[in-house]
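Below is one structure, written out as structure tokens; the observations come after it.
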Amino acid sequence: RLVSSYNDSDGKVYITSTQGISLIDIDNKTTELIFSFNQCGVNRQYLKGLDIVDFSDDSFLLCGQYNSMDMFTSQFVNNYAVVEFKKAKKNPHAGKKIIELYAPDGDVDTTISDAIIRFNEESKKYYIELSNRYNKQAYINYSGIKSLDDYDSALLRADAKMGNELAMDIMNGVGPDILMNTSSLGQLNNDNYLVDLSPYLQTLDSDKYFTNIINGAKSNGKLYQLPISYTIEGIQTSPEYAGKTKIGFTTDEYKKFLSETLNGKDVIESGQALYFAKLFNEMSEEFIVDGKVDLNNRKFVDIAEYVNDSVQRNSLAWDIIDDEEVEYTDFTTKGNKTACYCNCPGISGYLVKRAQIKDGIAILGIPSSDGRGPAFGTGVSVAVSKNAVNIDACIEFVRILLSDEIQDKLVMSDKFVINRESLRNGCRAAVDYFNTKEGSQNMFDYVAGTYVTSRTSFTTEDIDNLEKIILSCSKSNASDAAITTIILEEMPAYFQGQKELTKVVIVLQDRMQKVLDERV
């Protein structure tokens, strides 16, 4: 992604990007990376926003203004920086072995960039370099996307393609050593590709960490992708609407909630196939155990029949959705909504919805056969390749991500974290800020794209409620793209009345099992 450009006096054109500084070859229509941000100990998030003002063979100058903002104040800090780079006489990291860290689009946020710098300064034998050799955007086909169903399907296909390429490279010993933010690539979650991190985290105390989040990210009892921060997915509403479990809905309970409380307007906007895939993935441990698929049970039938009877066939096309239909309005009074579907990434997102929804202190699980609580997604995740150059060195980086310093920084950038004390400290800062006049006028709903003027006073009770919500999460919403693709291809035959469910199940089970068997 181009950030800025510089025209040198000799006619050369240099550009900055998330990776570093490149030289454009206009004649051949190519670019050459001539300085990587991996080659310095300065946070790349600051560097990539600066302008090139001078460039020579042995030095270059960057300058410009960058804004930083504490998420729980409204005060932007305007910093003006002039950074001069010169070739070092000696590489201070000479002799270290390179650890390749892959993150989608070759980019990580400010805090993770700080963690990489810290590792590189502390390690005597290893040096982490961030790579972008699998560009997720290149796998997405945007043509023909006209609805939420189309968009989600395109992302799913991209995950399947990228996951397969990553898996092959890891198997062949040429993949990256550390993988960040790849939890959506569920096909990697086995011993063929990734290290089980569980043995390295046995000492984590549930009094200090949300160990339920860590345990909920396991596949068949093994932790392949550790959530460093996470999102909460569910129905934010008043706790009075919860089912018998008090943390979610059975399909029958949600059907009643949908018809009576929501007047038939589901807050989950997906069409039948993707809706069913969502329910399936959040209950996947009921259907796939130790690599064996078993769909011949009442729980599978339960969610299939619910979707068939109660869910719209397709999501609405974007060109016919108007502001009234999706209620993208500026809520200026407390309690205008009854419920909303959320995949909340941080504290402010929870409080924004809390201000909009009448008594909206709960996030409940989406419909399931057993009324389970909300699922969690991954904001920042980390995994280690089974063929990493040095597994112990990679684990040291994982421990840095779990450190109080990094967890404190992440929570203050408005992310849910697994360190419980860090989370409460961040929540207190958020509550204090949004209770001020200034803060109450600066609550932003990122989904609706509007500011919410809150007249709600937040208290420590809101922090306690949020902690209870997090503790009610037991399962990651991460999916296996290949398995989900099969669902999207086969289940519509049942939903459209073309096949009986029993016949669809036979095909589903056979195709799913073949995919899993091929990975052994």
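As shown in the structure tokens, the chain order sets the letters A, B, ...; within each chain, residues go from 1, and ligands are also counted from 1 in the order they appear.
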
Requested in this report: Skip Arg372 in chain A itself and residues of its chain fewer than 5 positions away, then list as a PyMOL selection string all residues within 10 Å of it, counting only C-alpha atoms.
Outcome: chain A and resi 243+245-250+282-283+364-367+472-475

Taking N, CA, C and O atoms for each residue, export the selection above as an mmCIF file, in the first residue's frame.
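This went into again_26.cif:
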data_model
loop_
_atom_site.group_PDB
_atom_site.id
_atom_site.type_symbol
_atom_site.label_atom_id
_atom_site.label_comp_id
_atom_site.auth_asym_id
_atom_site.auth_seq_id
_atom_site.Cartn_x
_atom_site.Cartn_y
_atom_site.Cartn_z
ATOM 1 N N GLY A 243 -31.963 -17.185 27.654
ATOM 2 C CA GLY A 243 -32.642 -18.456 27.894
ATOM 3 C C GLY A 243 -32.319 -19.018 29.261
ATOM 4 O O GLY A 243 -31.764 -18.319 30.131
ATOM 5 N N THR A 245 -30.075 -20.972 30.326
ATOM 6 C CA THR A 245 -28.681 -20.988 30.755
ATOM 7 C C THR A 245 -28.210 -19.619 31.239
ATOM 8 O O THR A 245 -27.145 -19.508 31.844
ATOM 9 N N LYS A 246 -28.963 -18.575 30.924
ATOM 10 C CA LYS A 246 -28.654 -17.179 31.287
ATOM 11 C C LYS A 246 -27.498 -16.575 30.489
ATOM 12 O O LYS A 246 -27.150 -15.411 30.685
ATOM 13 N N ILE A 247 -26.893 -17.370 29.589
ATOM 14 C CA ILE A 247 -25.763 -16.840 28.819
ATOM 15 C C ILE A 247 -25.981 -16.960 27.309
ATOM 16 O O ILE A 247 -25.154 -16.496 26.525
ATOM 17 N N GLY A 248 -27.091 -17.581 26.904
ATOM 18 C CA GLY A 248 -27.335 -17.747 25.472
ATOM 19 C C GLY A 248 -28.745 -18.209 25.198
ATOM 20 O O GLY A 248 -29.634 -18.118 26.054
ATOM 21 N N PHE A 249 -28.961 -18.712 23.975
ATOM 22 C CA PHE A 249 -30.279 -19.172 23.547
ATOM 23 C C PHE A 249 -30.177 -20.579 22.946
ATOM 24 O O PHE A 249 -29.259 -20.849 22.171
ATOM 25 N N THR A 250 -31.127 -21.432 23.279
ATOM 26 C CA THR A 250 -31.322 -22.608 22.448
ATOM 27 C C THR A 250 -32.019 -22.137 21.176
ATOM 28 O O THR A 250 -32.507 -21.000 21.097
ATOM 29 N N GLU A 282 -19.551 -22.717 15.563
ATOM 30 C CA GLU A 282 -19.512 -22.444 16.996
ATOM 31 C C GLU A 282 -19.901 -23.667 17.824
ATOM 32 O O GLU A 282 -19.828 -23.632 19.049
ATOM 33 N N MET A 283 -20.305 -24.741 17.141
ATOM 34 C CA MET A 283 -20.582 -26.010 17.820
ATOM 35 C C MET A 283 -19.745 -27.139 17.211
ATOM 36 O O MET A 283 -20.055 -28.314 17.388
ATOM 37 N N LEU A 364 -25.064 -12.254 24.725
ATOM 38 C CA LEU A 364 -25.502 -13.643 24.817
ATOM 39 C C LEU A 364 -25.057 -14.429 23.593
ATOM 40 O O LEU A 364 -24.850 -13.860 22.520
ATOM 41 N N GLY A 365 -24.937 -15.726 23.753
ATOM 42 C CA GLY A 365 -24.542 -16.573 22.639
ATOM 43 C C GLY A 365 -25.604 -16.617 21.559
ATOM 44 O O GLY A 365 -26.799 -16.490 21.834
ATOM 45 N N ILE A 366 -25.186 -16.779 20.305
ATOM 46 C CA ILE A 366 -26.138 -16.935 19.213
ATOM 47 C C ILE A 366 -26.804 -18.299 19.354
ATOM 48 O O ILE A 366 -26.345 -19.142 20.128
ATOM 49 N N PRO A 367 -27.925 -18.561 18.642
ATOM 50 C CA PRO A 367 -28.658 -19.813 18.877
ATOM 51 C C PRO A 367 -27.803 -21.063 18.711
ATOM 52 O O PRO A 367 -26.981 -21.157 17.802
ATOM 53 N N SER A 472 -18.005 -16.133 30.275
ATOM 54 C CA SER A 472 -19.035 -17.016 29.719
ATOM 55 C C SER A 472 -18.680 -17.513 28.328
ATOM 56 O O SER A 472 -19.385 -18.360 27.772
ATOM 57 N N CYS A 473 -17.596 -16.991 27.751
ATOM 58 C CA CYS A 473 -17.138 -17.455 26.438
ATOM 59 C C CYS A 473 -16.396 -18.782 26.601
ATOM 60 O O CYS A 473 -15.533 -18.902 27.459
ATOM 61 N N SER A 474 -16.725 -19.739 25.761
ATOM 62 C CA SER A 474 -16.063 -21.037 25.892
ATOM 63 C C SER A 474 -15.519 -21.576 24.583
ATOM 64 O O SER A 474 -14.819 -22.581 24.580
ATOM 65 N N LYS A 475 -15.818 -20.911 23.461
ATOM 66 C CA LYS A 475 -15.462 -21.473 22.160
ATOM 67 C C LYS A 475 -15.060 -20.368 21.204
ATOM 68 O O LYS A 475 -15.704 -19.326 21.117
#

Query raised in the report: Mind checking DSSP for range 350-499 of chain A and telling me the helix (DSSP H, G or I) residues as a PyMOL selection string?
Result: chain A and resi 350-356+391-402+404-412+420-434+437-440+460-471+481-490+492-495

Requested in this report: Find the spatial neighbours of Ala493 in chain A, counting only C-alpha atoms, within a cut-off of 12 Å - ignore same-chain residues fewer than 4 positions away - and output them as an NGL selection string.
Outcome: :A and (272-273 or 304 or 308 or 313 or 487-489 or 497-505 or 507-508)

Query raised in the report: At what distance in Å, to one decimal, does CA of Ala383 in chain A lie from CA of Leu194 in chain A?
Result: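 Computed distance, CA of Leu194 in chain A to CA of Ala383 in chain A, equals 6.8 Å.
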
Asn215 in chain A: which residues within 9 Å, counting only C-alpha atoms, same-chain residues fewer than 4 positions away excluded, as a compact mmCIF listing (two decimals) with N, CA, C and O atoms, in the first residue's frame?
# COMPACT_ATOMS: atom_id res chain seq x y z
N SER A 198 0.24 -25.50 24.34
CA SER A 198 -0.25 -25.80 25.69
C SER A 198 0.85 -26.10 26.70
O SER A 198 0.83 -25.57 27.83
N THR A 211 -8.15 -17.76 31.33
CA THR A 211 -7.72 -19.05 30.79
C THR A 211 -8.84 -19.74 30.02
O THR A 211 -8.58 -20.64 29.22
N GLY A 221 -8.09 -30.42 22.06
CA GLY A 221 -7.28 -30.36 23.27
C GLY A 221 -5.91 -29.75 23.10
O GLY A 221 -5.13 -29.72 24.05
N LYS A 222 -5.59 -29.25 21.89
CA LYS A 222 -4.27 -28.67 21.64
C LYS A 222 -4.41 -27.22 21.22
O LYS A 222 -5.34 -26.85 20.49
N LEU A 223 -3.47 -26.40 21.67
CA LEU A 223 -3.52 -24.96 21.41
C LEU A 223 -2.53 -24.63 20.30
O LEU A 223 -1.33 -24.54 20.53
N SER A 474 -16.73 -19.74 25.76
CA SER A 474 -16.06 -21.04 25.89
C SER A 474 -15.52 -21.58 24.58
O SER A 474 -14.82 -22.58 24.58
N LYS A 475 -15.82 -20.91 23.46
CA LYS A 475 -15.46 -21.47 22.16
C LYS A 475 -15.06 -20.37 21.20
O LYS A 475 -15.70 -19.33 21.12

Requested in this report: Tell me, as a VMD selection string, which residues lie within 8 Å of Ser385 in chain A, counting only C-alpha atoms; anything in the same chain fewer than 6 positions away does not count.
Outcome: chain A and resid 170 175 to 179 193 to 195 391

Export of the given selection (N, CA, C and O atoms) as a compact mmCIF listing (two decimals), in the first residue's frame:
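File again.txt, as written:
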# COMPACT_ATOMS: atom_id res chain seq x y z
N ILE A 170 4.78 -24.92 4.92
CA ILE A 170 5.21 -25.40 6.24
C ILE A 170 5.61 -26.88 6.14
O ILE A 170 6.65 -27.30 6.68
N GLY A 175 8.14 -22.60 5.13
CA GLY A 175 7.15 -21.63 5.60
C GLY A 175 7.72 -20.69 6.63
O GLY A 175 8.87 -20.83 7.07
N PRO A 176 6.95 -19.69 7.05
CA PRO A 176 7.40 -18.77 8.10
C PRO A 176 7.52 -19.48 9.44
O PRO A 176 6.94 -20.56 9.64
N ASP A 177 8.27 -18.88 10.34
CA ASP A 177 8.49 -19.49 11.66
C ASP A 177 7.38 -19.15 12.64
O ASP A 177 6.96 -19.99 13.42
N ILE A 178 6.93 -17.90 12.60
CA ILE A 178 5.85 -17.43 13.47
C ILE A 178 4.73 -16.92 12.58
O ILE A 178 4.97 -16.22 11.59
N LEU A 179 3.49 -17.26 12.92
CA LEU A 179 2.33 -16.79 12.17
C LEU A 179 1.46 -15.96 13.10
O LEU A 179 1.06 -16.44 14.18
N TYR A 193 1.36 -28.95 11.02
CA TYR A 193 1.76 -27.61 10.65
C TYR A 193 2.22 -26.74 11.82
O TYR A 193 3.18 -25.99 11.69
N LEU A 194 1.55 -26.86 12.96
CA LEU A 194 1.81 -25.92 14.05
C LEU A 194 2.18 -26.63 15.35
O LEU A 194 1.83 -27.80 15.55
N VAL A 195 2.88 -25.90 16.20
CA VAL A 195 3.29 -26.40 17.51
C VAL A 195 2.13 -26.27 18.49
O VAL A 195 1.45 -25.24 18.52
N ILE A 391 12.17 -23.38 17.90
CA ILE A 391 10.86 -23.27 18.56
C ILE A 391 10.97 -22.53 19.88
O ILE A 391 10.13 -21.68 20.22

Query raised in the report: What lies within 8 Å of range 147-155 of chain A using only C-alpha atoms, ignoring chain neighbours under 2 positions off, as a list in words?
Result: Ile140, Asn141, Tyr142, Gly144, Ile145, Arg157, Ala158, Asp159, Glu269, Ser270, Gly271, Leu274, Asn314, Ser315, Leu316, Ala317 and Trp318 of chain A

Report task. For each of A:Leu402, A:Ile288, A:Val520, A:Leu185, take the minimum atom-to-atom distance to Ala160 in chain A, counting only C-alpha atoms, then give the residue where this is smallest. Result ->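 The shortest atom-to-atom distance to Ala160 in chain A comes from A:Leu185.
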
Requested in this report: List the neighbours of Pro104 in chain A out to 10 Å using only C-alpha atoms; skip same-chain residues closer than 4 positions along the sequence, and give me the result as number ranges by chain.
Outcome: A: 108, 131-137, 162, 179-182

Query raised in the report: Nearest to Val293 in chain A among A:Asp107, A:Glu233, A:Asp480, A:Asp510, with distances taken over only C-alpha atoms: which residue is it?
Result: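 Among the listed residues, the smallest separation from Val293 in chain A belongs to A:Asp510.
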
Requested in this report: Go through A:Gln236, A:Thr459, A:Ser9, A:Gln225 one by one, measure the shortest atom-to-atom distance of each to Gly349 in chain A using only C-alpha atoms, and give the residue with the smallest value.
Outcome: A:Gln236

Query raised in the report: When you draw a straight line from CA of Ile15 in chain A to CA of Ile52 in chain A, how long is it in Å?
Result: 7.8 Å

Requested in this report: Provide the CA of Lys514 in chain A to CA of Lys292 in chain A distance in Å, to one decimal place.
Outcome: 10.0 Å

Could you produce a table of the residues of range 4-50 of chain A lying within 12 Å of range 114-119 of chain A, with the nearest pair of atoms per residue and their separation in Å rounded to one decimal, using only C-alpha atoms, ordered by chain and increasing residue number, as CSV?
residue,atom,partner,partner_atom,distance
A:Phe37,CA,A:Ile117,CA,11.0
A:Asn38,CA,A:Ile117,CA,9.3
A:Gln39,CA,A:Ile117,CA,10.7
A:Cys40,CA,A:Ile117,CA,8.8
A:Gly41,CA,A:Ile117,CA,5.9
A:Val42,CA,A:Ile117,CA,7.6
A:Asn43,CA,A:Asp114,CA,6.3
A:Arg44,CA,A:Asp114,CA,9.0
A:Gln45,CA,A:Asp114,CA,9.6
A:Tyr46,CA,A:Asp114,CA,11.0
